[in-house]
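Enquirer: You'll find coords_27.cif just under this line, and it carries mmCIF, C-alpha atoms.
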```
data_coords
#
loop_
_atom_site.group_PDB
_atom_site.id
_atom_site.type_symbol
_atom_site.label_atom_id
_atom_site.label_comp_id
_atom_site.auth_asym_id
_atom_site.auth_seq_id
_atom_site.Cartn_x
_atom_site.Cartn_y
_atom_site.Cartn_z
ATOM 1 C CA MET A 93 -2.665 -8.995 -15.909
ATOM 2 C CA ASN A 94 -6.243 -8.756 -14.727
ATOM 3 C CA LYS A 95 -9.386 -8.575 -16.832
ATOM 4 C CA TYR A 96 -11.528 -5.457 -16.412
ATOM 5 C CA GLU A 97 -14.713 -3.941 -17.752
ATOM 6 C CA THR A 98 -15.482 -0.267 -17.712
ATOM 7 C CA VAL A 99 -18.814 1.308 -18.563
ATOM 8 C CA PHE A 100 -19.047 5.048 -18.980
ATOM 9 C CA ILE A 101 -21.883 7.395 -19.870
ATOM 10 C CA LEU A 102 -21.191 10.408 -22.067
ATOM 11 C CA THR A 103 -23.345 13.520 -22.142
ATOM 12 C CA PRO A 104 -26.128 13.411 -24.787
ATOM 13 C CA VAL A 105 -25.325 16.867 -26.226
ATOM 14 C CA LEU A 106 -22.329 15.460 -28.132
ATOM 15 C CA SER A 107 -22.445 14.867 -31.854
ATOM 16 C CA ASP A 108 -21.745 11.373 -33.148
ATOM 17 C CA ALA A 109 -18.186 12.382 -34.113
ATOM 18 C CA GLN A 110 -17.515 13.940 -30.696
ATOM 19 C CA MET A 111 -18.801 10.828 -28.949
ATOM 20 C CA LYS A 112 -16.544 8.576 -31.027
ATOM 21 C CA GLU A 113 -13.590 10.888 -30.380
ATOM 22 C CA ALA A 114 -14.159 10.620 -26.603
ATOM 23 C CA VAL A 115 -14.263 6.808 -26.798
ATOM 24 C CA GLU A 116 -11.051 6.794 -28.860
ATOM 25 C CA LYS A 117 -9.402 9.030 -26.239
ATOM 26 C CA PHE A 118 -10.108 6.518 -23.469
ATOM 27 C CA LYS A 119 -8.991 3.600 -25.638
ATOM 28 C CA ALA A 120 -5.746 5.465 -26.369
ATOM 29 C CA ILE A 121 -5.152 6.013 -22.643
ATOM 30 C CA LEU A 122 -5.540 2.279 -22.043
ATOM 31 C CA THR A 123 -3.268 1.185 -24.878
ATOM 32 C CA ALA A 124 -0.641 3.817 -23.988
ATOM 33 C CA ASN A 125 -0.438 2.299 -20.514
ATOM 34 C CA GLY A 126 0.003 -1.275 -21.774
ATOM 35 C CA ALA A 127 -3.599 -2.494 -21.682
ATOM 36 C CA ALA A 128 -4.967 -4.842 -24.327
ATOM 37 C CA ILE A 129 -8.526 -4.009 -25.396
ATOM 38 C CA VAL A 130 -10.524 -7.219 -25.736
ATOM 39 C CA ASN A 131 -13.983 -5.880 -26.596
ATOM 40 C CA GLU A 132 -15.677 -2.575 -27.272
ATOM 41 C CA GLU A 133 -19.429 -2.036 -27.345
ATOM 42 C CA ASN A 134 -21.357 1.127 -28.079
ATOM 43 C CA TRP A 135 -24.784 0.779 -26.478
ATOM 44 C CA GLY A 136 -25.984 4.065 -27.942
ATOM 45 C CA LEU A 137 -28.228 6.748 -26.519
ATOM 46 C CA ARG A 138 -30.268 5.406 -23.600
ATOM 47 C CA LYS A 139 -32.523 6.824 -20.940
ATOM 48 C CA LEU A 140 -30.892 7.260 -17.532
ATOM 49 C CA ALA A 141 -32.475 5.730 -14.422
ATOM 50 C CA TYR A 142 -32.322 9.161 -12.757
ATOM 51 C CA THR A 143 -31.378 12.691 -13.787
ATOM 52 C CA ILE A 144 -27.644 13.469 -13.803
ATOM 53 C CA GLN A 145 -26.602 17.105 -14.294
ATOM 54 C CA LYS A 146 -30.139 17.894 -15.540
ATOM 55 C CA LYS A 147 -29.802 15.261 -18.288
ATOM 56 C CA THR A 148 -32.161 12.321 -18.736
ATOM 57 C CA THR A 149 -30.263 10.433 -21.476
ATOM 58 C CA GLY A 150 -26.654 9.542 -22.216
ATOM 59 C CA PHE A 151 -24.384 7.625 -24.587
ATOM 60 C CA TYR A 152 -23.414 4.311 -22.955
ATOM 61 C CA ASN A 153 -20.107 2.634 -23.852
ATOM 62 C CA LEU A 154 -18.413 -0.529 -22.604
ATOM 63 C CA LEU A 155 -14.725 -1.384 -22.871
ATOM 64 C CA GLU A 156 -13.397 -4.785 -21.854
ATOM 65 C CA PHE A 157 -9.635 -4.959 -21.438
ATOM 66 C CA GLU A 158 -6.693 -6.688 -19.795
ATOM 67 C CA ALA A 159 -4.318 -4.504 -17.809
ATOM 68 C CA GLU A 160 -2.197 -4.078 -14.720
ATOM 69 C CA PRO A 161 -4.013 -2.643 -11.680
ATOM 70 C CA THR A 162 -2.053 0.626 -11.885
ATOM 71 C CA VAL A 163 -3.748 1.500 -15.189
ATOM 72 C CA ILE A 164 -7.181 1.775 -13.537
ATOM 73 C CA LYS A 165 -6.233 4.786 -11.440
ATOM 74 C CA LYS A 166 -4.948 6.630 -14.528
ATOM 75 C CA LEU A 167 -8.087 5.800 -16.512
ATOM 76 C CA GLU A 168 -10.450 6.896 -13.752
ATOM 77 C CA THR A 169 -8.501 10.139 -13.281
ATOM 78 C CA GLU A 170 -9.079 10.892 -16.963
ATOM 79 C CA TYR A 171 -12.790 10.093 -16.583
ATOM 80 C CA ARG A 172 -13.021 12.616 -13.742
ATOM 81 C CA ARG A 173 -11.155 15.288 -15.728
ATOM 82 C CA ASP A 174 -13.302 14.929 -18.842
ATOM 83 C CA GLU A 175 -16.483 16.991 -18.587
ATOM 84 C CA ARG A 176 -18.178 14.843 -21.255
ATOM 85 C CA VAL A 177 -18.351 11.869 -18.849
ATOM 86 C CA LEU A 178 -21.486 11.813 -16.680
ATOM 87 C CA ARG A 179 -20.759 8.553 -14.831
ATOM 88 C CA PHE A 180 -18.335 5.629 -15.026
ATOM 89 C CA LEU A 181 -17.817 2.259 -13.394
ATOM 90 C CA THR A 182 -14.746 0.040 -13.686
ATOM 91 C CA PHE A 183 -14.524 -3.394 -12.136
ATOM 92 C CA ARG A 184 -12.242 -6.408 -12.226
ATOM 93 C CA LEU A 185 -13.748 -9.571 -13.679
ATOM 94 C CA ASP A 186 -13.407 -12.747 -11.655
ATOM 95 C CA LYS A 187 -13.213 -16.071 -13.496
ATOM 96 C CA TYR A 188 -17.019 -16.455 -13.639
ATOM 97 C CA ALA A 189 -17.603 -12.945 -14.929
ATOM 98 C CA ALA A 190 -14.841 -13.409 -17.507
ATOM 99 C CA GLU A 191 -16.503 -16.611 -18.746
ATOM 100 C CA TYR A 192 -19.860 -14.848 -18.966
ATOM 101 C CA ALA A 193 -18.323 -11.912 -20.854
ATOM 102 C CA GLU A 194 -16.746 -14.302 -23.352
ATOM 103 C CA LYS A 195 -20.067 -16.113 -23.892
ATOM 104 C CA ARG A 196 -21.793 -12.750 -24.399
ATOM 105 C CA ARG A 197 -19.151 -11.707 -26.983
ATOM 106 C CA ASN A 198 -19.486 -15.007 -28.848
ATOM 107 C CA LEU A 199 -23.291 -14.779 -28.862
ATOM 108 C CA ARG A 200 -23.122 -11.210 -30.134
ATOM 109 C CA ALA A 201 -20.669 -12.231 -32.872
ATOM 110 C CA ALA A 202 -22.927 -15.132 -33.891
ATOM 111 C CA LYS A 203 -25.920 -12.782 -34.171
ATOM 112 C CA THR A 204 -23.895 -10.351 -36.275
ATOM 113 C CA ASN A 205 -22.758 -13.152 -38.576
ATOM 114 C CA ALA A 206 -26.316 -14.448 -38.909
ATOM 115 C CA ASN A 207 -27.592 -10.984 -39.850
ATOM 116 C CA GLU A 208 -24.826 -10.561 -42.445
ATOM 117 C CA THR A 209 -25.722 -13.948 -43.942
ATOM 118 C CA LYS A 210 -29.403 -12.973 -44.240
ATOM 119 C CA GLU A 211 -28.511 -9.757 -46.067
ATOM 120 C CA ASP A 212 -26.431 -11.617 -48.681
#
```
Just give me the structure of the file as structure tokens.
Expert:
Amino acid sequence: MNKYETVFILTPVLSDAQMKEAVEKFKAILTANGAAIVNEENWGLRKLAYTIQKKTTGFYNLLEFEAEPTVIKKLETEYRRDERVLRFLTFRLDKYAAEYAEKRRNLRAAKTNANETKED
């Protein structure tokens, strides 16, 4: 199984619940096809570098997962069919990118734990 990351941008006209439902749909597609989701990040509403479909912002989401190569085609077909998706990019992580992604996850987890400790 290969390690992959996919980043997709959802249209900004969605409500918070609709955005979460779209993310859950793509996660369900991955798990139904035998993928193991390693990490999920919601980057929130961000400004786009250029206008896409007359929109200047979008909801960015990242999914990191392990899957067989055949799963990617199914996932990207669903991205193309879903009108809520403005853009997407899926790529296979080589060993260096996988190490970097793991460091980034650990750093993010450490920051979250530090913030929780401060609040207590």
Enquirer: Starting from the displayed file, determine the output of the PyMOL selection byres ((chain A and resi 176) around 7) and express the residue list as number ranges by chain.
Expert: A: 102-103, 174-175, 177-178
Enquirer: Near segment 187-189 of chain A, within 12 Å and counting only C-alpha atoms, which residues show up once chain neighbours fewer than 2 positions away are dropped, as a PyMOL selection string?
Expert: chain A and resi 94-97+156+183-185+191-196
Enquirer: Have a look at A:Ile129, A:Ala114, A:Leu155, A:Leu106 and name the one nearest to Tyr171 of chain A; count only C-alpha atoms.
Expert: A:Ala114
Enquirer: Return the single residue from A:Asn131, A:Thr169, A:Thr149, A:Thr143 that is closest to Ile101 of chain A, with distances computed using only C-alpha atoms.
Expert: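 Of A:Asn131, A:Thr169, A:Thr149, A:Thr143, the one nearest Ile101 of chain A, counting only C-alpha atoms, is A:Thr149.
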Enquirer: For this structure, which residues satisfy the selection - the PyMOL selection byres ((chain A and resi 170) around 12) - when it is evaluated on the file as given? I want them as a list in words.
Expert: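 When the PyMOL selection byres ((chain A and resi 170) around 12) is applied, the selected residues are Phe100, Ala114, Val115, Lys117, Phe118, Lys119, Ala120, Ile121, Leu122, Val163, Ile164, Lys165, Lys166, Leu167, Glu168, Thr169, Tyr171, Arg172, Arg173, Asp174, Glu175, Arg176, Val177 and Phe180 of chain A.
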Enquirer: Would you mind reading off the distance between atom CA of Trp135 of chain A and atom CA of Leu154 of chain A, one decimal, in Å?
Expert: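 Atom CA of Trp135 of chain A sits 7.6 Å away from atom CA of Leu154 of chain A.
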Enquirer: Please determine, counting all atoms listed in the file, which residue among A:Arg179, A:Ala190, A:Thr148, A:Tyr142 has the shortest atom-to-atom distance to Val130 of chain A.
Expert: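 Smallest separation from Val130 of chain A among the options: A:Ala190.
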Enquirer: From the set A:Thr162, A:Ala128, A:Glu116, A:Pro104, which residue has the shortest atom-to-atom contact distance to Ile144 of chain A, counting all atoms listed in the file?
Expert: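 Closest residue, counting all atoms listed in the file: A:Pro104.
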Enquirer: In Å to one decimal, how far is atom CA of Lys139 of chain A from atom CA of Ser107 of chain A?
Expert: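 Atom-to-atom, atom CA of Ser107 of chain A and atom CA of Lys139 of chain A are spaced 16.9 Å apart.
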Enquirer: Please compute the atom CA of Arg197 of chain A-atom CA of Phe157 of chain A distance, one decimal, in Å.
Expert: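 Result for atom CA of Arg197 of chain A versus atom CA of Phe157 of chain A: 12.9 Å, one decimal.
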Enquirer: Taking all atoms listed in the file into account, name the residue in A:Thr209, A:Met93, A:Ala201, A:Asn153 that is nearest to Gly136 of chain A.
Expert: A:Asn153
Enquirer: For segment 153-168 of chain A, what centre and edge lengths in Å (one decimal) does the axis-aligned box get once 8 Å is added on each side of all its listed atoms, as lines of an AutoDock Vina configuration file?
Expert:
```
center_x = -11.1
center_y = 0.1
center_z = -17.6
size_x = 34.1
size_y = 29.6
size_z = 28.4
```
Enquirer: Hey, which of A:Lys146, A:Asp108, A:Thr98, A:Glu160 ends up closest to Glu132 of chain A? Count only C-alpha atoms.
Expert: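 Under the stated criterion, the closest residue is A:Thr98.
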Enquirer: So which residues are close to (-25.9, 6.5, -19.1), meaning at most 6 Å away in the file's coordinates with only C-alpha atoms counted, and can you show them as number ranges by chain?
Expert: A: 101, 140, 150-152
